[in-house]
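Here is coords.txt, consisting of compact mmCIF, C-alpha atoms:
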# COMPACT_ATOMS: atom_id res chain seq x y z
CA TYR A 1 -1.21 5.50 -3.68
CA SER A 2 2.57 5.90 -3.53
CA SER A 3 3.20 4.23 -6.85
CA GLY A 4 0.84 6.70 -8.48
CA ILE A 5 2.45 9.62 -6.68
CA TYR A 6 6.15 8.73 -6.87
CA GLY A 7 6.34 5.95 -9.44
CA ASP A 8 7.30 2.30 -9.12
CA ASN A 9 9.73 1.41 -6.34
CA LEU A 10 11.58 -1.40 -8.15
CA ALA A 11 14.21 0.68 -9.91
CA ASP A 12 15.14 2.60 -6.76
CA TYR A 13 14.79 0.04 -3.97
CA PRO A 14 16.07 0.28 -1.23
CA GLU A 15 16.10 4.04 -1.80
CA ILE A 16 12.79 5.80 -1.30
CA PRO A 17 11.54 7.44 -4.50
CA ASN A 18 10.60 10.98 -3.52
CA GLN A 19 10.16 12.90 -6.76
CA VAL A 20 6.47 13.55 -7.34
CA ARG A 21 5.48 12.08 -10.69
CA LEU A 22 1.80 12.90 -10.66
CA ASN A 23 0.67 13.79 -14.16
CA ILE A 24 -1.47 16.84 -13.41
CA ILE A 25 -2.33 19.16 -16.26
CA SER A 26 -2.39 22.78 -15.17
CA ALA A 27 -2.39 26.19 -16.84
CA SER A 28 0.73 27.03 -14.86
CA PRO A 29 3.49 24.80 -13.53
CA LEU A 30 2.81 23.30 -10.11
CA SER A 31 5.39 22.61 -7.43
CA GLU A 32 5.68 19.10 -6.02
CA ALA A 33 3.98 20.27 -2.81
CA GLU A 34 1.10 21.75 -4.81
CA LYS A 35 0.71 18.52 -6.77
CA LEU A 36 0.59 16.51 -3.54
CA GLU A 37 -2.01 18.82 -2.03
CA LEU A 38 -4.12 18.70 -5.17
CA TYR A 39 -3.93 14.91 -5.19
CA TRP A 40 -5.00 14.73 -1.55
CA ALA A 41 -7.78 17.31 -1.97
CA SER A 42 -9.18 15.28 -4.88
CA LEU A 43 -9.06 11.99 -2.98
CA GLN A 44 -10.55 13.57 0.13
CA GLU A 45 -13.37 15.10 -1.92
CA ILE A 46 -14.20 11.71 -3.43
CA ILE A 47 -14.29 10.13 0.02
CA GLU A 48 -16.46 12.92 1.45
CA ARG A 49 -18.94 12.78 -1.43
CA LEU A 50 -19.30 9.02 -1.09
CA VAL A 51 -19.84 9.27 2.67
CA LYS A 52 -22.41 12.07 2.22
CA SER A 53 -24.32 9.87 -0.24
CA ASN A 54 -24.72 7.24 2.48
CA LYS A 55 -22.13 4.88 1.04
CA THR A 56 -19.91 2.78 3.25
CA ILE A 57 -16.29 3.35 2.28
CA TRP A 58 -13.65 0.72 3.01
CA LEU A 59 -10.41 2.67 2.74
CA MET A 60 -7.33 0.51 2.50
CA ASP A 61 -3.86 1.59 3.60
CA PRO A 62 -1.07 1.08 1.05
CA ILE A 63 -0.12 -2.50 0.23
CA PRO A 64 3.53 -3.20 1.16
CA GLU A 65 5.62 -3.29 -2.01
CA LEU A 66 8.20 -5.98 -2.58
CA PRO A 67 11.73 -5.08 -3.70
CA MET A 68 11.28 -7.42 -6.70
CA HIS A 69 8.61 -9.36 -8.57
CA ILE A 70 7.30 -12.29 -6.52
CA GLY A 71 8.43 -14.71 -9.27
CA GLU A 72 12.03 -13.57 -8.83
CA ALA A 73 11.69 -13.89 -5.07
CA VAL A 74 10.28 -17.39 -4.84
CA PHE A 75 11.96 -18.87 -7.94
CA PRO A 76 15.38 -17.16 -8.00
CA TYR A 77 17.06 -19.99 -9.91
CA SER A 78 14.36 -20.58 -12.52
CA ILE A 79 13.47 -18.78 -15.73
CA PHE A 80 11.43 -16.40 -13.52
CA GLY A 81 14.45 -15.43 -11.43
CA GLY A 82 16.27 -12.18 -11.88
CA ASP A 83 19.64 -10.79 -10.91
CA ARG A 84 18.82 -10.62 -7.21
CA VAL A 85 17.93 -13.25 -4.66
CA LEU A 86 15.53 -12.30 -1.89
CA ALA A 87 17.22 -13.65 1.22
CA ASN A 88 14.23 -13.66 3.54
CA LEU A 89 10.74 -14.25 2.17
CA MET A 90 9.34 -13.84 5.67
CA LEU A 91 10.70 -10.29 5.91
CA ALA A 92 10.58 -8.97 2.35
CA THR A 93 9.56 -5.39 3.08
CA PRO A 94 11.20 -3.82 6.14
CA ARG A 95 8.99 -1.76 8.47
CA GLU A 96 11.11 1.38 8.05
CA TYR A 97 10.84 1.16 4.27
CA TYR A 98 7.05 0.76 4.35
CA PHE A 99 6.44 3.72 6.63
CA GLU A 100 8.90 6.02 4.86
CA ARG A 101 7.72 5.05 1.35
CA HIS A 102 4.09 5.72 2.27
CA ARG A 103 4.60 8.57 4.75
CA PHE A 104 2.64 11.18 2.77
CA ILE A 105 -0.49 9.10 2.24
CA LEU A 106 -0.43 7.52 5.72
CA GLU A 107 -0.26 10.96 7.35
CA ARG A 108 -3.23 12.11 5.28
CA LEU A 109 -5.22 8.94 5.96
CA ASN A 110 -4.54 9.45 9.68
CA SER A 111 -6.24 12.86 9.44
CA LEU A 112 -9.61 11.38 8.44
CA THR A 113 -12.42 10.59 10.87
CA TYR A 114 -13.37 6.94 10.72
CA GLY A 115 -16.64 5.37 11.81
CA ASP A 116 -19.52 3.33 10.43
CA SER A 117 -19.45 5.10 7.04
CA LEU A 118 -15.68 5.28 6.66
CA ILE A 119 -13.80 2.15 7.64
CA ARG A 120 -10.02 1.95 7.47
CA ILE A 121 -8.26 -1.28 6.65
CA PRO A 122 -4.87 -1.17 8.44
CA VAL A 123 -2.92 -3.25 5.95
CA TYR A 124 0.44 -3.15 7.74
CA ASP A 125 -1.09 -4.24 11.04
CA LEU A 126 -2.91 -7.11 9.36
CA LEU A 127 -0.18 -8.48 7.08
CA CYS A 128 3.06 -7.54 8.79
CA ASN A 129 4.85 -7.67 12.12
CA GLU A 130 7.07 -5.33 14.11
CA LEU A 131 10.01 -5.95 11.73
CA GLY A 132 8.31 -5.92 8.35
CA CYS A 133 6.15 -7.76 5.87
CA PRO A 134 6.42 -11.25 4.39
CA ALA A 135 6.18 -12.17 0.73
CA VAL A 136 4.85 -15.65 1.53
CA SER A 137 2.73 -17.25 4.23
CA GLU A 138 2.41 -20.98 4.84
CA ASN A 139 4.03 -21.77 1.48
CA SER A 140 1.68 -19.47 -0.45
CA ALA A 141 2.76 -16.33 -2.25
CA LEU A 142 0.99 -13.27 -0.87
CA TYR A 143 1.63 -11.31 -4.07
CA PHE A 144 0.71 -11.57 -7.73
CA ASP A 145 3.65 -9.37 -8.75
CA ASP A 146 5.67 -6.86 -6.71
CA ASP A 147 2.83 -4.70 -5.39
CA HIS A 148 -0.51 -6.46 -5.88
CA LEU A 149 -1.75 -9.07 -3.44
CA SER A 150 -2.52 -12.52 -4.76
CA VAL A 151 -5.89 -14.14 -4.12
CA GLU A 152 -4.32 -15.84 -1.09
CA GLY A 153 -2.79 -12.57 0.13
CA SER A 154 -6.15 -10.81 -0.20
CA ARG A 155 -7.93 -13.65 1.60
CA ILE A 156 -5.50 -13.49 4.51
CA LEU A 157 -5.79 -9.70 4.70
CA PHE A 158 -9.57 -9.67 4.76
CA ASP A 159 -9.94 -12.72 7.03
CA ARG A 160 -7.73 -10.97 9.59
CA PHE A 161 -9.60 -7.69 9.10
CA LEU A 162 -12.97 -9.35 9.62
CA GLU A 163 -11.67 -11.07 12.76
CA ILE A 164 -10.72 -7.77 14.40
CA LYS A 165 -13.81 -5.88 13.16
CA GLU A 166 -16.24 -8.73 13.82
CA ILE A 167 -17.96 -7.90 10.54
CA ASN A 168 -19.63 -10.44 8.35
CA ILE A 169 -19.85 -9.71 4.64
Can the structure in the file be given as structure tokens, please?
Amino acid sequence: YSSGIYGDNLADYPEIPNQVRLNIISASPLSEAEKLELYWASLQEIIERLVKSNKTIWLMDPIPELPMHIGEAVFPYSIFGGDRVLANLMLATPREYYFERHRFILERLNSLTYGDSLIRIPVYDLLCNELGCPAVSENSALYFDDDHLSVEGSRILFDRFLEIKEINI
């Protein structure tokens, strides 16, 4: 969500990108607030239409974004490494950063009514702890790049989700 709204976080980290970069074509210029509201209204309408058509919607919270590509983080001294070294792979994304970066979408997601037809996947609660989010778990990278979970990261997320929901897919 936030990457689509504000752009990639890599160039600005640890600053929070806050300029709305949604590419919305309109007959007249829209303010950033109007763009955000239009974005949310569109997403909410999609969700409502799917629920009304008797679909079960699994709505995922934002994935924590790393401050660098996972290759740079886990192989800082190889050809994949970059200019920076991630000091703590177990706390790659601080809690404060996650909640500030995704404040807009999290507030809107909190306004929805969840139930059997609309199920929320609380990503932060499932992948992270009170301090922040890891980039690796048990020697496996949780990310494919800087903001997409790897197969292992996805498996961990959904295994934990299924444990708390007691749902079998």
Which residues of region 97-140 of chain A come within 8 Å of region 3-26 of chain A, and what is each one's closest atom pair and distance in Å (one decimal), counting only C-alpha atoms, sorted by chain and residue number, as CSV?
residue,atom,partner,partner_atom,distance
A:Tyr97,CA,A:Ile16,CA,7.5
A:Glu100,CA,A:Ile16,CA,7.3
A:Arg101,CA,A:Ile16,CA,5.8
Show me a table, sorted first by chain and then by increasing residue number, of the residues of region 14-66 of chain A having an atom at most 12 Å from region 131-151 of chain A, each with its shortest atom pair and the distance in Å to one decimal, counting all atoms listed in the file and written as JSON lines.
{"residue": "A:Pro62", "atom": "CA", "partner": "A:Asp147", "partner_atom": "CA", "distance": 9.5}
{"residue": "A:Ile63", "atom": "CA", "partner": "A:Asp147", "partner_atom": "CA", "distance": 6.7}
{"residue": "A:Pro64", "atom": "CA", "partner": "A:Asp147", "partner_atom": "CA", "distance": 6.8}
{"residue": "A:Glu65", "atom": "CA", "partner": "A:Asp147", "partner_atom": "CA", "distance": 4.6}
{"residue": "A:Leu66", "atom": "CA", "partner": "A:Asp146", "partner_atom": "CA", "distance": 4.9}
Next item on the list: Grab the CA of Arg120 (chain A) to CA of Trp58 (chain A) distance for me, in Å with one decimal place.
Entry: 5.9 Å
Go ahead and fit an axis-aligned box to every listed atom of region 155-165 of chain A plus 4 Å each side, and pass me the centre and edge lengths in Å, one decimal, as JSON.
{"center_x": -9.7, "center_y": -9.8, "center_z": 8.0, "size_x": 16.3, "size_y": 15.8, "size_z": 20.8}
Notebook entry, point to check: How far is it from CA of Glu72 (chain A) to CA of Leu89 (chain A), in Å with one decimal?
Noted result: 11.1 Å
Checklist line | Gap from CA of Arg160 (chain A) to CA of Ser111 (chain A) - Å, one decimal | finding: 23.9 Å
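Taking only C-alpha atoms into account, Ala33 (chain A) lies nearest to A:Phe104 out of the set A:His69, A:Met90, A:Phe104, A:Tyr1.
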Next item on the list: Have a look at A:Leu127, A:Leu30, A:Leu118, A:Ile156 and name the one nearest to Ile47 (chain A); count only C-alpha atoms.
Entry: A:Leu118
Note to self: Could you check the closest approach to Arg95 (chain A) for each of A:Met60, A:Leu109, A:Ile46, A:Cys128 and tell me which residue wins, using only C-alpha atoms?
What the structure shows: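 Selected residue with least distance to Arg95 (chain A): A:Cys128.
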Notebook entry, point to check: Which residue out of A:Pro29, A:Leu59, A:Glu34, A:Ala41 has the minimum interatomic distance to Asp116 (chain A) when only C-alpha atoms are used?
Noted result: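 Nearest to Asp116 (chain A): A:Leu59.
If you measure from each of A:Leu112, A:Ile105, A:Asp61, A:Met68 to Tyr124 (chain A) using all atoms listed in the file, the closest one turns out to be A:Asp61.
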Notebook entry, point to check: For Ile57 (chain A), which residue among A:Pro94, A:Gly115, A:Pro122, A:Gly153 is the nearest when counting only C-alpha atoms?
Noted result: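 Selected residue with least distance to Ile57 (chain A): A:Gly115.
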